[in-house]
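Just below is one structure, and these are the notes that go with it.
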Amino acid sequence: MSGAGLEVLSAGPLTTVQDLGRPGHASWGIGRSGAADRRSLRLANRLVGNAAEAAGLEVLLGGLELRPDRDVVVALTGARCAATIGGRAADHNTVLRVPAGSPLRLGTASAGLRTYVAVRGGIDVPPVLGSRSYDVLSGLGPPVLAAGTVLAVGAPPARFPSVDMAPVPDPPAGPVRLRVMSGPHDDWFTADALGLLERTAWTVTTASDRIGMRLAGAELPRVRSTELPSAGVVRGALQVTPAGQPTLFMSDHPLTGGYPVIAVVVDADVDRAAQVRPGQDLQFTIVPNPPRGT
Amino acid sequence: MTAAPTSTAAPVPVDAAAPPEAPVPTMRFLPCADVGVLVELESLADVLALHEALAGDLPDGVVDLVPAARTLLLHLDPGRTSVPEVIRAVSELRPTRRTRSAARSVEIPVVYDGPDLDVVGELTGLGARGVVAAHTGQLWTVAFTGFTAGFGYLVGEDDRLHVPRRATPRVSVPAGAVALAGEFSGVYPKASPGGWQLLGRTPLEMWDLHRDPPALLSPGTRVRFVEVDA
């Protein structure tokens with residue numbers, strides 16, 4: 001007997017299937033991709049009793065409407081939106097039952113950018129190179145959701161949900177502070193540039209997506225005007241264009257970049273960046289790099 | 001000013017078993033917060049040697065490698081390892097500049113009828129037929145990948161075909177286009193915008209998800225271009 005199916009009645013501005021990505025394919029020119037806010041996806045999967053690697057839905061700015069063809073167990077995490085199941089208000093960060101035929105509807109998010117929907121059993125689309133993540137840059141992975149799409153749900157895992165709700169704070173509507181470590185190319189900038197990076201309130205511009213977030217606020221002056229040979233970049237890198245404007249690299253970033261990276265957001269803080277909306281401010285705190293040696 | 005987190009690998013004595021012409025390359029380690037180590041090397045050959053030494057046996061917690069012109073980036077899982085541990089593992093590896101033995105090789109058939117063939121002939125002074133001879137007459141090596149799935153940056157054996165990019169990029173370059181830019185040659189795996197000089201086209205699928213591996217080219221692959229009729 002096959003599992004449940006979720007019919008997409010409305011897909012919202014951008015809803016994609018995401019898991020924790022496909023590391024290990026850089027030699028073929030493929031980046032890792034995966035949920036922009038991995039922590040929220042992990043939480044949603046934990047709530048419904050899924051393995052951490054199960055695929056869920058990443059919903060940008062709400063607007064998603066789904067109808068299951070049999071009873072399913074779901075959880076909503078990340079950006080809180082006014083959600084309903086069969087017309088009744090549904091809570092956030094908790095285990096929800098959606099009866100067969102009842103639409104699950106996500107309204108507009110009040111704060112934050114991306115809501116995660118996990119369904120017990122996981123979204124069961126065919127994996128591509130070991131992952132069900134859609135990579136905006138390469139186009140790999142399951143297509144962006146559209147009205148009419150029917151998504152298969154995998155077999156429920158053996159274990160049952162062990163938590164009913166998770167008391168995690170909602171993404172803030174105000175400024176967000178992220179920790180960064182200097183480098184790898186901080187020596188390409190003036191002595192004051194790192195101070196300026198720390199002092200400036202950086203506004204997230206509308207030129208922001210799963211690939212990167214372009215920030216406005218100050219110009220970070222360089223001491224070297226030569227061209228940097230393209231080098232590999234990590235998620236969380238703050239790459240600075242010749243005009244001095246930083247871009248924060250997100251989950252679907254290119255494998256390499258041709259401009260110096262002044263600092264990198266620490267791994268534990270990158271997920272929070274994925275919930276910051278255009279117009280909101282980011283601030284950076286420089287923390288020391290790990291000491292060398294044992 | 002923050003102390004730049006840069007250092008050079010401790011000098012390592014030359015391995016007695018290694019030939020004298022195979023010195024250990026100098027490496028400079030640049031941390032990328034707690035998620036990566038960017039290793040700066042002196043040459044592309046050193047990048048390829050280190051990539052080869054690491055690719056078959058990744059240090060614990062290293063999840064991916066990204067070679068580029070003068071660097072190799074190691075992506076790490078901060079839950080399983082740390083930047084200092086990865087730096088130590090790479091320092092102890094001591095790759096040498098020995099020539100690679102078991103590199104994959106690929107022949108790429110090309111119809112040399114590209115719109116920029118004459119321009120490249122003028123830029124290089126070789127003429128169109130001379131360009132074809134130079135392109136087919138040398139062994140190319142995939143230095144690194146990127147740009148798009150299945151695209152490899154190929155380096156040749158000499159600089160006869162080093163040409164600038166086009167002043168104005170094309171909005172769409174067809175899949176299979178065989179091209180030149182700077183010190184590189186490459187083949188577009190799918191139709192995409194591009195500023196490279198187009199020499200011709202190949203019927204080969206550079207990227208096919210239903211093939212294993214899906215990419216025809218990966219770092220270190222040797223490539224020979226062979227002229228075929230349209």
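Within each chain, counting starts at residue 1; across the structure tokens, chains are named A, B, ... in the order shown, with ligands numbered 1 upward in that order.
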Using only C-alpha atoms, I'd like a table of the residues in chain A that come within 6 Å of chain B; for each, show the closest atom pair and its distance in Å rounded to one decimal, ordered by chain and ascending number, as a tab-separated table.
```
residue	atom	partner	partner_atom	distance
A:Gly24	CA	B:Asp64	CA	4.6
A:Ala26	CA	B:Val66	CA	5.8
A:Ser27	CA	B:Ser218	CA	5.5
A:Trp28	CA	B:Gly150	CA	5.5
A:Gly29	CA	B:Gly146	CA	4.4
A:Ile30	CA	B:Ala149	CA	5.7
A:Met181	CA	B:Ala33	CA	5.0
A:Pro184	CA	B:Leu30	CA	5.1
A:Ala191	CA	B:Met1	CA	5.6
A:Ala231	CA	B:Ala68	CA	5.4
A:Gly232	CA	B:Leu73	CA	5.4
A:Val264	CA	B:Ala33	CA	5.4
A:Val266	CA	B:Ala33	CA	5.5
A:Arg292	CA	B:Pro84	CA	5.4
```
I need the residues of range 48-219 of chain B that end up classed as alpha helix (DSSP H) by DSSP on the backbone, written out as a PDB file with all heavy atoms, in the first residue's frame.
```
ATOM      1  N   LEU B  48      46.309  20.489  -7.438  1.00  0.00           N
ATOM      2  CA  LEU B  48      45.865  19.172  -7.919  1.00  0.00           C
ATOM      3  C   LEU B  48      46.492  18.040  -7.110  1.00  0.00           C
ATOM      4  O   LEU B  48      45.837  17.047  -6.801  1.00  0.00           O
ATOM      5  CB  LEU B  48      46.189  19.023  -9.403  1.00  0.00           C
ATOM      6  CG  LEU B  48      45.300  19.845 -10.342  1.00  0.00           C
ATOM      7  CD1 LEU B  48      45.836  19.802 -11.773  1.00  0.00           C
ATOM      8  CD2 LEU B  48      43.856  19.344 -10.304  1.00  0.00           C
ATOM      9  N   ALA B  49      47.758  18.213  -6.740  1.00  0.00           N
ATOM     10  CA  ALA B  49      48.433  17.166  -5.961  1.00  0.00           C
ATOM     11  C   ALA B  49      47.768  17.016  -4.594  1.00  0.00           C
ATOM     12  O   ALA B  49      47.518  15.902  -4.129  1.00  0.00           O
ATOM     13  CB  ALA B  49      49.917  17.499  -5.807  1.00  0.00           C
ATOM     14  N   LEU B  50      47.472  18.149  -3.953  1.00  0.00           N
ATOM     15  CA  LEU B  50      46.847  18.074  -2.625  1.00  0.00           C
ATOM     16  C   LEU B  50      45.421  17.524  -2.739  1.00  0.00           C
ATOM     17  O   LEU B  50      44.987  16.723  -1.916  1.00  0.00           O
ATOM     18  CB  LEU B  50      46.840  19.458  -1.966  1.00  0.00           C
ATOM     19  CG  LEU B  50      46.243  19.506  -0.549  1.00  0.00           C
ATOM     20  CD1 LEU B  50      47.024  18.603   0.409  1.00  0.00           C
ATOM     21  CD2 LEU B  50      46.214  20.938  -0.014  1.00  0.00           C
ATOM     22  N   HIS B  51      44.725  17.944  -3.816  1.00  0.00           N
ATOM     23  CA  HIS B  51      43.362  17.445  -4.019  1.00  0.00           C
ATOM     24  C   HIS B  51      43.381  15.929  -4.181  1.00  0.00           C
ATOM     25  O   HIS B  51      42.597  15.209  -3.576  1.00  0.00           O
ATOM     26  CB  HIS B  51      42.737  18.105  -5.249  1.00  0.00           C
ATOM     27  CG  HIS B  51      41.328  17.666  -5.515  1.00  0.00           C
ATOM     28  ND1 HIS B  51      41.010  16.717  -6.460  1.00  0.00           N
ATOM     29  CD2 HIS B  51      40.165  18.024  -4.944  1.00  0.00           C
ATOM     30  CE1 HIS B  51      39.705  16.510  -6.456  1.00  0.00           C
ATOM     31  NE2 HIS B  51      39.159  17.297  -5.549  1.00  0.00           N
ATOM     32  N   GLU B  52      44.324  15.458  -4.976  1.00  0.00           N
ATOM     33  CA  GLU B  52      44.399  14.020  -5.211  1.00  0.00           C
ATOM     34  C   GLU B  52      44.741  13.274  -3.925  1.00  0.00           C
ATOM     35  O   GLU B  52      44.170  12.228  -3.623  1.00  0.00           O
ATOM     36  CB  GLU B  52      45.453  13.699  -6.280  1.00  0.00           C
ATOM     37  CG  GLU B  52      45.438  12.232  -6.674  1.00  0.00           C
ATOM     38  CD  GLU B  52      46.551  11.886  -7.646  1.00  0.00           C
ATOM     39  OE1 GLU B  52      47.723  12.107  -7.304  1.00  0.00           O
ATOM     40  OE2 GLU B  52      46.238  11.412  -8.740  1.00  0.00           O
ATOM     41  N   ALA B  53      45.663  13.866  -3.145  1.00  0.00           N
ATOM     42  CA  ALA B  53      46.074  13.203  -1.906  1.00  0.00           C
ATOM     43  C   ALA B  53      44.917  13.114  -0.921  1.00  0.00           C
ATOM     44  O   ALA B  53      44.815  12.164  -0.146  1.00  0.00           O
ATOM     45  CB  ALA B  53      47.247  13.965  -1.276  1.00  0.00           C
ATOM     46  N   LEU B  54      44.027  14.125  -0.940  1.00  0.00           N
ATOM     47  CA  LEU B  54      42.937  14.155   0.036  1.00  0.00           C
ATOM     48  C   LEU B  54      41.680  13.443  -0.447  1.00  0.00           C
ATOM     49  O   LEU B  54      40.941  12.870   0.348  1.00  0.00           O
ATOM     50  CB  LEU B  54      42.573  15.612   0.352  1.00  0.00           C
ATOM     51  CG  LEU B  54      43.537  16.373   1.257  1.00  0.00           C
ATOM     52  CD1 LEU B  54      43.228  17.866   1.209  1.00  0.00           C
ATOM     53  CD2 LEU B  54      43.443  15.855   2.689  1.00  0.00           C
ATOM     54  N   ALA B  55      41.436  13.495  -1.790  1.00  0.00           N
ATOM     55  CA  ALA B  55      40.132  13.080  -2.304  1.00  0.00           C
ATOM     56  C   ALA B  55      39.825  11.624  -1.987  1.00  0.00           C
ATOM     57  O   ALA B  55      38.695  11.276  -1.653  1.00  0.00           O
ATOM     58  CB  ALA B  55      40.050  13.332  -3.801  1.00  0.00           C
ATOM     59  N   VAL B  83      38.695  23.328  12.935  1.00  0.00           N
ATOM     60  CA  VAL B  83      39.674  23.915  12.028  1.00  0.00           C
ATOM     61  C   VAL B  83      41.106  23.496  12.411  1.00  0.00           C
ATOM     62  O   VAL B  83      41.860  23.036  11.539  1.00  0.00           O
ATOM     63  CB  VAL B  83      39.489  25.456  11.977  1.00  0.00           C
ATOM     64  CG1 VAL B  83      40.704  26.133  11.374  1.00  0.00           C
ATOM     65  CG2 VAL B  83      38.221  25.799  11.195  1.00  0.00           C
ATOM     66  N   PRO B  84      41.509  23.609  13.691  1.00  0.00           N
ATOM     67  CA  PRO B  84      42.885  23.181  14.010  1.00  0.00           C
ATOM     68  C   PRO B  84      43.147  21.705  13.700  1.00  0.00           C
ATOM     69  O   PRO B  84      44.230  21.354  13.228  1.00  0.00           O
ATOM     70  CB  PRO B  84      42.988  23.447  15.524  1.00  0.00           C
ATOM     71  CG  PRO B  84      41.960  24.493  15.801  1.00  0.00           C
ATOM     72  CD  PRO B  84      40.836  24.230  14.842  1.00  0.00           C
ATOM     73  N   GLU B  85      42.144  20.862  13.924  1.00  0.00           N
ATOM     74  CA  GLU B  85      42.348  19.434  13.628  1.00  0.00           C
ATOM     75  C   GLU B  85      42.552  19.195  12.135  1.00  0.00           C
ATOM     76  O   GLU B  85      43.382  18.388  11.729  1.00  0.00           O
ATOM     77  CB  GLU B  85      41.121  18.621  14.064  1.00  0.00           C
ATOM     78  CG  GLU B  85      41.186  18.087  15.471  1.00  0.00           C
ATOM     79  CD  GLU B  85      39.922  17.318  15.823  1.00  0.00           C
ATOM     80  OE1 GLU B  85      39.626  16.316  15.146  1.00  0.00           O
ATOM     81  OE2 GLU B  85      39.223  17.772  16.759  1.00  0.00           O
ATOM     82  N   VAL B  86      41.770  19.903  11.325  1.00  0.00           N
ATOM     83  CA  VAL B  86      41.890  19.726   9.870  1.00  0.00           C
ATOM     84  C   VAL B  86      43.239  20.257   9.391  1.00  0.00           C
ATOM     85  O   VAL B  86      43.909  19.625   8.564  1.00  0.00           O
ATOM     86  CB  VAL B  86      40.717  20.423   9.152  1.00  0.00           C
ATOM     87  CG1 VAL B  86      40.970  20.492   7.648  1.00  0.00           C
ATOM     88  CG2 VAL B  86      39.411  19.688   9.443  1.00  0.00           C
ATOM     89  N   ILE B  87      43.669  21.396   9.949  1.00  0.00           N
ATOM     90  CA  ILE B  87      44.970  21.941   9.550  1.00  0.00           C
ATOM     91  C   ILE B  87      46.078  20.950   9.906  1.00  0.00           C
ATOM     92  O   ILE B  87      46.985  20.700   9.108  1.00  0.00           O
ATOM     93  CB  ILE B  87      45.211  23.319  10.231  1.00  0.00           C
ATOM     94  CG1 ILE B  87      44.241  24.351   9.639  1.00  0.00           C
ATOM     95  CG2 ILE B  87      46.666  23.754  10.060  1.00  0.00           C
ATOM     96  CD1 ILE B  87      44.305  25.711  10.320  1.00  0.00           C
ATOM     97  N   ARG B  88      45.952  20.345  11.079  1.00  0.00           N
ATOM     98  CA  ARG B  88      46.981  19.382  11.468  1.00  0.00           C
ATOM     99  C   ARG B  88      46.977  18.174  10.526  1.00  0.00           C
ATOM    100  O   ARG B  88      48.021  17.722  10.065  1.00  0.00           O
ATOM    101  CB  ARG B  88      46.763  18.939  12.921  1.00  0.00           C
ATOM    102  CG  ARG B  88      47.947  18.176  13.496  1.00  0.00           C
ATOM    103  CD  ARG B  88      47.832  17.956  15.002  1.00  0.00           C
ATOM    104  NE  ARG B  88      46.599  17.322  15.383  1.00  0.00           N
ATOM    105  CZ  ARG B  88      45.671  17.911  16.158  1.00  0.00           C
ATOM    106  NH1 ARG B  88      45.862  19.130  16.607  1.00  0.00           N
ATOM    107  NH2 ARG B  88      44.565  17.269  16.468  1.00  0.00           N
ATOM    108  N   ALA B  89      45.790  17.691  10.193  1.00  0.00           N
ATOM    109  CA  ALA B  89      45.707  16.520   9.312  1.00  0.00           C
ATOM    110  C   ALA B  89      46.315  16.821   7.942  1.00  0.00           C
ATOM    111  O   ALA B  89      47.031  15.994   7.377  1.00  0.00           O
ATOM    112  CB  ALA B  89      44.249  16.087   9.170  1.00  0.00           C
ATOM    113  N   VAL B  90      46.046  18.026   7.411  1.00  0.00           N
ATOM    114  CA  VAL B  90      46.578  18.355   6.085  1.00  0.00           C
ATOM    115  C   VAL B  90      48.089  18.570   6.160  1.00  0.00           C
ATOM    116  O   VAL B  90      48.837  18.152   5.271  1.00  0.00           O
ATOM    117  CB  VAL B  90      45.862  19.591   5.503  1.00  0.00           C
ATOM    118  CG1 VAL B  90      46.481  19.988   4.165  1.00  0.00           C
ATOM    119  CG2 VAL B  90      44.374  19.316   5.341  1.00  0.00           C
ATOM    120  N   SER B  91      48.570  19.188   7.237  1.00  0.00           N
ATOM    121  CA  SER B  91      50.018  19.417   7.387  1.00  0.00           C
ATOM    122  C   SER B  91      50.775  18.103   7.404  1.00  0.00           C
ATOM    123  O   SER B  91      51.884  18.006   6.894  1.00  0.00           O
ATOM    124  CB  SER B  91      50.321  20.150   8.697  1.00  0.00           C
ATOM    125  OG  SER B  91      49.603  21.333   8.788  1.00  0.00           O
ATOM    126  N   GLU B  92      50.162  17.094   8.015  1.00  0.00           N
ATOM    127  CA  GLU B  92      50.848  15.810   8.155  1.00  0.00           C
ATOM    128  C   GLU B  92      50.785  14.968   6.884  1.00  0.00           C
ATOM    129  O   GLU B  92      51.455  13.962   6.763  1.00  0.00           O
ATOM    130  CB  GLU B  92      50.230  15.017   9.324  1.00  0.00           C
ATOM    131  CG  GLU B  92      50.653  15.567  10.668  1.00  0.00           C
ATOM    132  CD  GLU B  92      49.817  15.015  11.818  1.00  0.00           C
ATOM    133  OE1 GLU B  92      48.943  14.171  11.562  1.00  0.00           O
ATOM    134  OE2 GLU B  92      50.056  15.448  12.963  1.00  0.00           O
ATOM    135  N   LEU B  93      49.953  15.419   5.940  1.00  0.00           N
ATOM    136  CA  LEU B  93      49.753  14.637   4.728  1.00  0.00           C
ATOM    137  C   LEU B  93      50.968  14.646   3.815  1.00  0.00           C
ATOM    138  O   LEU B  93      51.295  13.670   3.182  1.00  0.00           O
ATOM    139  CB  LEU B  93      48.534  15.202   3.998  1.00  0.00           C
ATOM    140  CG  LEU B  93      47.864  14.299   3.015  1.00  0.00           C
ATOM    141  CD1 LEU B  93      47.221  13.135   3.745  1.00  0.00           C
ATOM    142  CD2 LEU B  93      46.811  15.087   2.269  1.00  0.00           C
ATOM    143  N   LEU B 117      36.070  31.670 -33.929  1.00  0.00           N
ATOM    144  CA  LEU B 117      37.289  30.994 -34.362  1.00  0.00           C
ATOM    145  C   LEU B 117      38.222  31.959 -35.099  1.00  0.00           C
ATOM    146  O   LEU B 117      39.434  31.989 -34.845  1.00  0.00           O
ATOM    147  CB  LEU B 117      36.910  29.812 -35.264  1.00  0.00           C
ATOM    148  CG  LEU B 117      38.054  28.886 -35.670  1.00  0.00           C
ATOM    149  CD1 LEU B 117      38.729  28.258 -34.451  1.00  0.00           C
ATOM    150  CD2 LEU B 117      37.553  27.786 -36.602  1.00  0.00           C
ATOM    151  N   ASP B 118      37.659  32.785 -36.010  1.00  0.00           N
ATOM    152  CA  ASP B 118      38.500  33.713 -36.774  1.00  0.00           C
ATOM    153  C   ASP B 118      39.111  34.780 -35.870  1.00  0.00           C
ATOM    154  O   ASP B 118      40.278  35.153 -36.025  1.00  0.00           O
ATOM    155  CB  ASP B 118      37.682  34.360 -37.893  1.00  0.00           C
ATOM    156  CG  ASP B 118      37.329  33.346 -38.982  1.00  0.00           C
ATOM    157  OD1 ASP B 118      38.101  32.371 -39.140  1.00  0.00           O
ATOM    158  OD2 ASP B 118      36.295  33.521 -39.652  1.00  0.00           O
ATOM    159  N   VAL B 119      38.300  35.269 -34.918  1.00  0.00           N
ATOM    160  CA  VAL B 119      38.799  36.291 -33.988  1.00  0.00           C
ATOM    161  C   VAL B 119      39.969  35.739 -33.172  1.00  0.00           C
ATOM    162  O   VAL B 119      40.995  36.393 -32.993  1.00  0.00           O
ATOM    163  CB  VAL B 119      37.660  36.759 -33.041  1.00  0.00           C
ATOM    164  CG1 VAL B 119      38.196  37.695 -31.969  1.00  0.00           C
ATOM    165  CG2 VAL B 119      36.552  37.428 -33.837  1.00  0.00           C
ATOM    166  N   VAL B 120      39.812  34.512 -32.693  1.00  0.00           N
ATOM    167  CA  VAL B 120      40.883  33.887 -31.915  1.00  0.00           C
ATOM    168  C   VAL B 120      42.107  33.679 -32.800  1.00  0.00           C
ATOM    169  O   VAL B 120      43.250  33.855 -32.363  1.00  0.00           O
ATOM    170  CB  VAL B 120      40.411  32.562 -31.282  1.00  0.00           C
ATOM    171  CG1 VAL B 120      41.553  31.830 -30.600  1.00  0.00           C
ATOM    172  CG2 VAL B 120      39.293  32.827 -30.277  1.00  0.00           C
ATOM    173  N   GLY B 121      41.863  33.347 -34.076  1.00  0.00           N
ATOM    174  CA  GLY B 121      42.962  33.210 -35.023  1.00  0.00           C
ATOM    175  C   GLY B 121      43.757  34.499 -35.141  1.00  0.00           C
ATOM    176  O   GLY B 121      44.992  34.494 -35.191  1.00  0.00           O
ATOM    177  N   GLU B 122      43.029  35.640 -35.154  1.00  0.00           N
ATOM    178  CA  GLU B 122      43.703  36.947 -35.225  1.00  0.00           C
ATOM    179  C   GLU B 122      44.397  37.290 -33.917  1.00  0.00           C
ATOM    180  O   GLU B 122      45.534  37.754 -33.897  1.00  0.00           O
ATOM    181  CB  GLU B 122      42.688  38.044 -35.555  1.00  0.00           C
ATOM    182  CG  GLU B 122      42.277  38.071 -37.024  1.00  0.00           C
ATOM    183  CD  GLU B 122      41.064  38.973 -37.256  1.00  0.00           C
ATOM    184  OE1 GLU B 122      40.915  39.960 -36.509  1.00  0.00           O
ATOM    185  OE2 GLU B 122      40.269  38.659 -38.162  1.00  0.00           O
ATOM    186  N   LEU B 123      43.694  37.079 -32.800  1.00  0.00           N
ATOM    187  CA  LEU B 123      44.241  37.433 -31.475  1.00  0.00           C
ATOM    188  C   LEU B 123      45.539  36.683 -31.190  1.00  0.00           C
ATOM    189  O   LEU B 123      46.459  37.214 -30.576  1.00  0.00           O
ATOM    190  CB  LEU B 123      43.225  37.111 -30.370  1.00  0.00           C
ATOM    191  CG  LEU B 123      42.028  38.055 -30.228  1.00  0.00           C
ATOM    192  CD1 LEU B 123      40.971  37.447 -29.289  1.00  0.00           C
ATOM    193  CD2 LEU B 123      42.472  39.413 -29.696  1.00  0.00           C
ATOM    194  N   THR B 124      45.600  35.431 -31.638  1.00  0.00           N
ATOM    195  CA  THR B 124      46.763  34.605 -31.329  1.00  0.00           C
ATOM    196  C   THR B 124      47.810  34.661 -32.441  1.00  0.00           C
ATOM    197  O   THR B 124      48.942  34.230 -32.245  1.00  0.00           O
ATOM    198  CB  THR B 124      46.353  33.132 -31.165  1.00  0.00           C
ATOM    199  OG1 THR B 124      45.681  32.720 -32.379  1.00  0.00           O
ATOM    200  CG2 THR B 124      45.400  32.947 -29.997  1.00  0.00           C
ATOM    201  N   GLY B 127      45.896  32.123 -36.924  1.00  0.00           N
ATOM    202  CA  GLY B 127      44.915  31.847 -37.968  1.00  0.00           C
ATOM    203  C   GLY B 127      43.960  30.757 -37.495  1.00  0.00           C
ATOM    204  O   GLY B 127      44.270  30.006 -36.561  1.00  0.00           O
ATOM    205  N   ALA B 128      42.792  30.676 -38.166  1.00  0.00           N
ATOM    206  CA  ALA B 128      41.763  29.728 -37.700  1.00  0.00           C
ATOM    207  C   ALA B 128      42.290  28.294 -37.669  1.00  0.00           C
ATOM    208  O   ALA B 128      42.126  27.579 -36.674  1.00  0.00           O
ATOM    209  CB  ALA B 128      40.521  29.829 -38.594  1.00  0.00           C
ATOM    210  N   ARG B 129      42.952  27.853 -38.750  1.00  0.00           N
ATOM    211  CA  ARG B 129      43.438  26.461 -38.790  1.00  0.00           C
ATOM    212  C   ARG B 129      44.534  26.237 -37.743  1.00  0.00           C
ATOM    213  O   ARG B 129      44.655  25.161 -37.162  1.00  0.00           O
ATOM    214  CB  ARG B 129      43.956  26.101 -40.194  1.00  0.00           C
ATOM    215  CG  ARG B 129      42.869  25.915 -41.255  1.00  0.00           C
ATOM    216  CD  ARG B 129      41.716  25.041 -40.828  1.00  0.00           C
ATOM    217  NE  ARG B 129      42.140  23.699 -40.374  1.00  0.00           N
ATOM    218  CZ  ARG B 129      41.344  22.845 -39.726  1.00  0.00           C
ATOM    219  NH1 ARG B 129      40.096  23.174 -39.448  1.00  0.00           N
ATOM    220  NH2 ARG B 129      41.807  21.665 -39.343  1.00  0.00           N
ATOM    221  N   GLY B 130      45.322  27.268 -37.516  1.00  0.00           N
ATOM    222  CA  GLY B 130      46.378  27.158 -36.497  1.00  0.00           C
ATOM    223  C   GLY B 130      45.787  26.999 -35.105  1.00  0.00           C
ATOM    224  O   GLY B 130      46.332  26.283 -34.249  1.00  0.00           O
ATOM    225  N   VAL B 131      44.661  27.684 -34.875  1.00  0.00           N
ATOM    226  CA  VAL B 131      43.984  27.563 -33.577  1.00  0.00           C
ATOM    227  C   VAL B 131      43.509  26.128 -33.371  1.00  0.00           C
ATOM    228  O   VAL B 131      43.689  25.534 -32.307  1.00  0.00           O
ATOM    229  CB  VAL B 131      42.796  28.557 -33.483  1.00  0.00           C
ATOM    230  CG1 VAL B 131      41.932  28.260 -32.271  1.00  0.00           C
ATOM    231  CG2 VAL B 131      43.320  29.990 -33.437  1.00  0.00           C
ATOM    232  N   VAL B 132      42.903  25.570 -34.428  1.00  0.00           N
ATOM    233  CA  VAL B 132      42.417  24.185 -34.329  1.00  0.00           C
ATOM    234  C   VAL B 132      43.592  23.246 -34.047  1.00  0.00           C
ATOM    235  O   VAL B 132      43.505  22.369 -33.178  1.00  0.00           O
ATOM    236  CB  VAL B 132      41.680  23.766 -35.626  1.00  0.00           C
ATOM    237  CG1 VAL B 132      41.297  22.286 -35.574  1.00  0.00           C
ATOM    238  CG2 VAL B 132      40.446  24.643 -35.838  1.00  0.00           C
ATOM    239  N   ALA B 133      44.694  23.476 -34.740  1.00  0.00           N
ATOM    240  CA  ALA B 133      45.866  22.613 -34.534  1.00  0.00           C
ATOM    241  C   ALA B 133      46.387  22.738 -33.106  1.00  0.00           C
ATOM    242  O   ALA B 133      46.739  21.740 -32.464  1.00  0.00           O
ATOM    243  CB  ALA B 133      46.962  22.973 -35.542  1.00  0.00           C
ATOM    244  N   ALA B 134      46.407  23.965 -32.592  1.00  0.00           N
ATOM    245  CA  ALA B 134      46.913  24.163 -31.231  1.00  0.00           C
ATOM    246  C   ALA B 134      45.958  23.569 -30.196  1.00  0.00           C
ATOM    247  O   ALA B 134      46.376  23.032 -29.173  1.00  0.00           O
ATOM    248  CB  ALA B 134      47.109  25.655 -30.959  1.00  0.00           C
ATOM    249  N   HIS B 135      44.650  23.662 -30.490  1.00  0.00           N
ATOM    250  CA  HIS B 135      43.660  23.168 -29.523  1.00  0.00           C
ATOM    251  C   HIS B 135      43.648  21.641 -29.471  1.00  0.00           C
ATOM    252  O   HIS B 135      43.532  21.049 -28.403  1.00  0.00           O
ATOM    253  CB  HIS B 135      42.266  23.705 -29.893  1.00  0.00           C
ATOM    254  CG  HIS B 135      41.274  23.668 -28.761  1.00  0.00           C
ATOM    255  ND1 HIS B 135      40.136  22.917 -28.800  1.00  0.00           N
ATOM    256  CD2 HIS B 135      41.265  24.303 -27.553  1.00  0.00           C
ATOM    257  CE1 HIS B 135      39.456  23.091 -27.654  1.00  0.00           C
ATOM    258  NE2 HIS B 135      40.115  23.924 -26.894  1.00  0.00           N
ATOM    259  N   THR B 136      43.781  21.011 -30.651  1.00  0.00           N
ATOM    260  CA  THR B 136      43.761  19.546 -30.689  1.00  0.00           C
ATOM    261  C   THR B 136      45.144  18.967 -30.398  1.00  0.00           C
ATOM    262  O   THR B 136      45.260  17.795 -30.055  1.00  0.00           O
ATOM    263  CB  THR B 136      43.308  19.025 -32.070  1.00  0.00           C
ATOM    264  OG1 THR B 136      44.158  19.619 -33.073  1.00  0.00           O
ATOM    265  CG2 THR B 136      41.870  19.396 -32.363  1.00  0.00           C
TER     266      THR B 136
END
```
Exercise. Just the residues within 6 Å of range 51-62 of chain A, please, counting only C-alpha atoms, with nothing from its chain fewer than 4 positions along; format it as a PyMOL selection string.
Key: chain A and resi 14-19+42+106-109+113-118+122-123
Produce a file of the selected residues containing C-alpha atoms, as an mmCIF file, in the first residue's frame.
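Full text of selection.cif as output:
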```cif
data_model
loop_
_atom_site.group_PDB
_atom_site.id
_atom_site.type_symbol
_atom_site.label_atom_id
_atom_site.label_comp_id
_atom_site.auth_asym_id
_atom_site.auth_seq_id
_atom_site.Cartn_x
_atom_site.Cartn_y
_atom_site.Cartn_z
ATOM 1 C CA LEU A 14 8.339 30.117 -3.330
ATOM 2 C CA THR A 15 8.035 26.706 -1.729
ATOM 3 C CA THR A 16 10.764 24.127 -2.233
ATOM 4 C CA VAL A 17 11.543 20.659 -0.950
ATOM 5 C CA GLN A 18 14.643 20.725 1.268
ATOM 6 C CA ASP A 19 16.676 18.383 3.422
ATOM 7 C CA ARG A 42 15.681 19.717 12.131
ATOM 8 C CA LEU A 106 -0.232 28.954 5.842
ATOM 9 C CA GLY A 107 -1.009 32.682 6.002
ATOM 10 C CA THR A 108 1.579 35.412 5.715
ATOM 11 C CA ALA A 109 4.469 35.210 8.147
ATOM 12 C CA LEU A 113 11.141 34.691 6.208
ATOM 13 C CA ARG A 114 10.956 30.908 5.947
ATOM 14 C CA THR A 115 8.503 28.464 7.504
ATOM 15 C CA TYR A 116 9.336 24.741 7.538
ATOM 16 C CA VAL A 117 6.710 22.053 7.174
ATOM 17 C CA ALA A 118 7.703 18.551 8.198
ATOM 18 C CA GLY A 122 9.088 12.857 5.096
ATOM 19 C CA ILE A 123 8.459 14.225 1.593
#
```
Quiz prompt | Spatial neighbours of Thr203 in chain A, 8 Å, only C-alpha atoms, chain gap at least 4 places, as a ChimeraX atom specification | solution = /A:215-217,278-282
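For range 237-246 of chain A, the non-local neighbours within 7 Å, defined as residues at least 5 positions apart in the same chain or in other chains and counting only C-alpha atoms, are Arg214, Leu215, Ala216, Glu219, Leu220, Pro221, Tyr259, Pro260, Val261, Ile262, Ala263, Val264 and Val265 of chain A.
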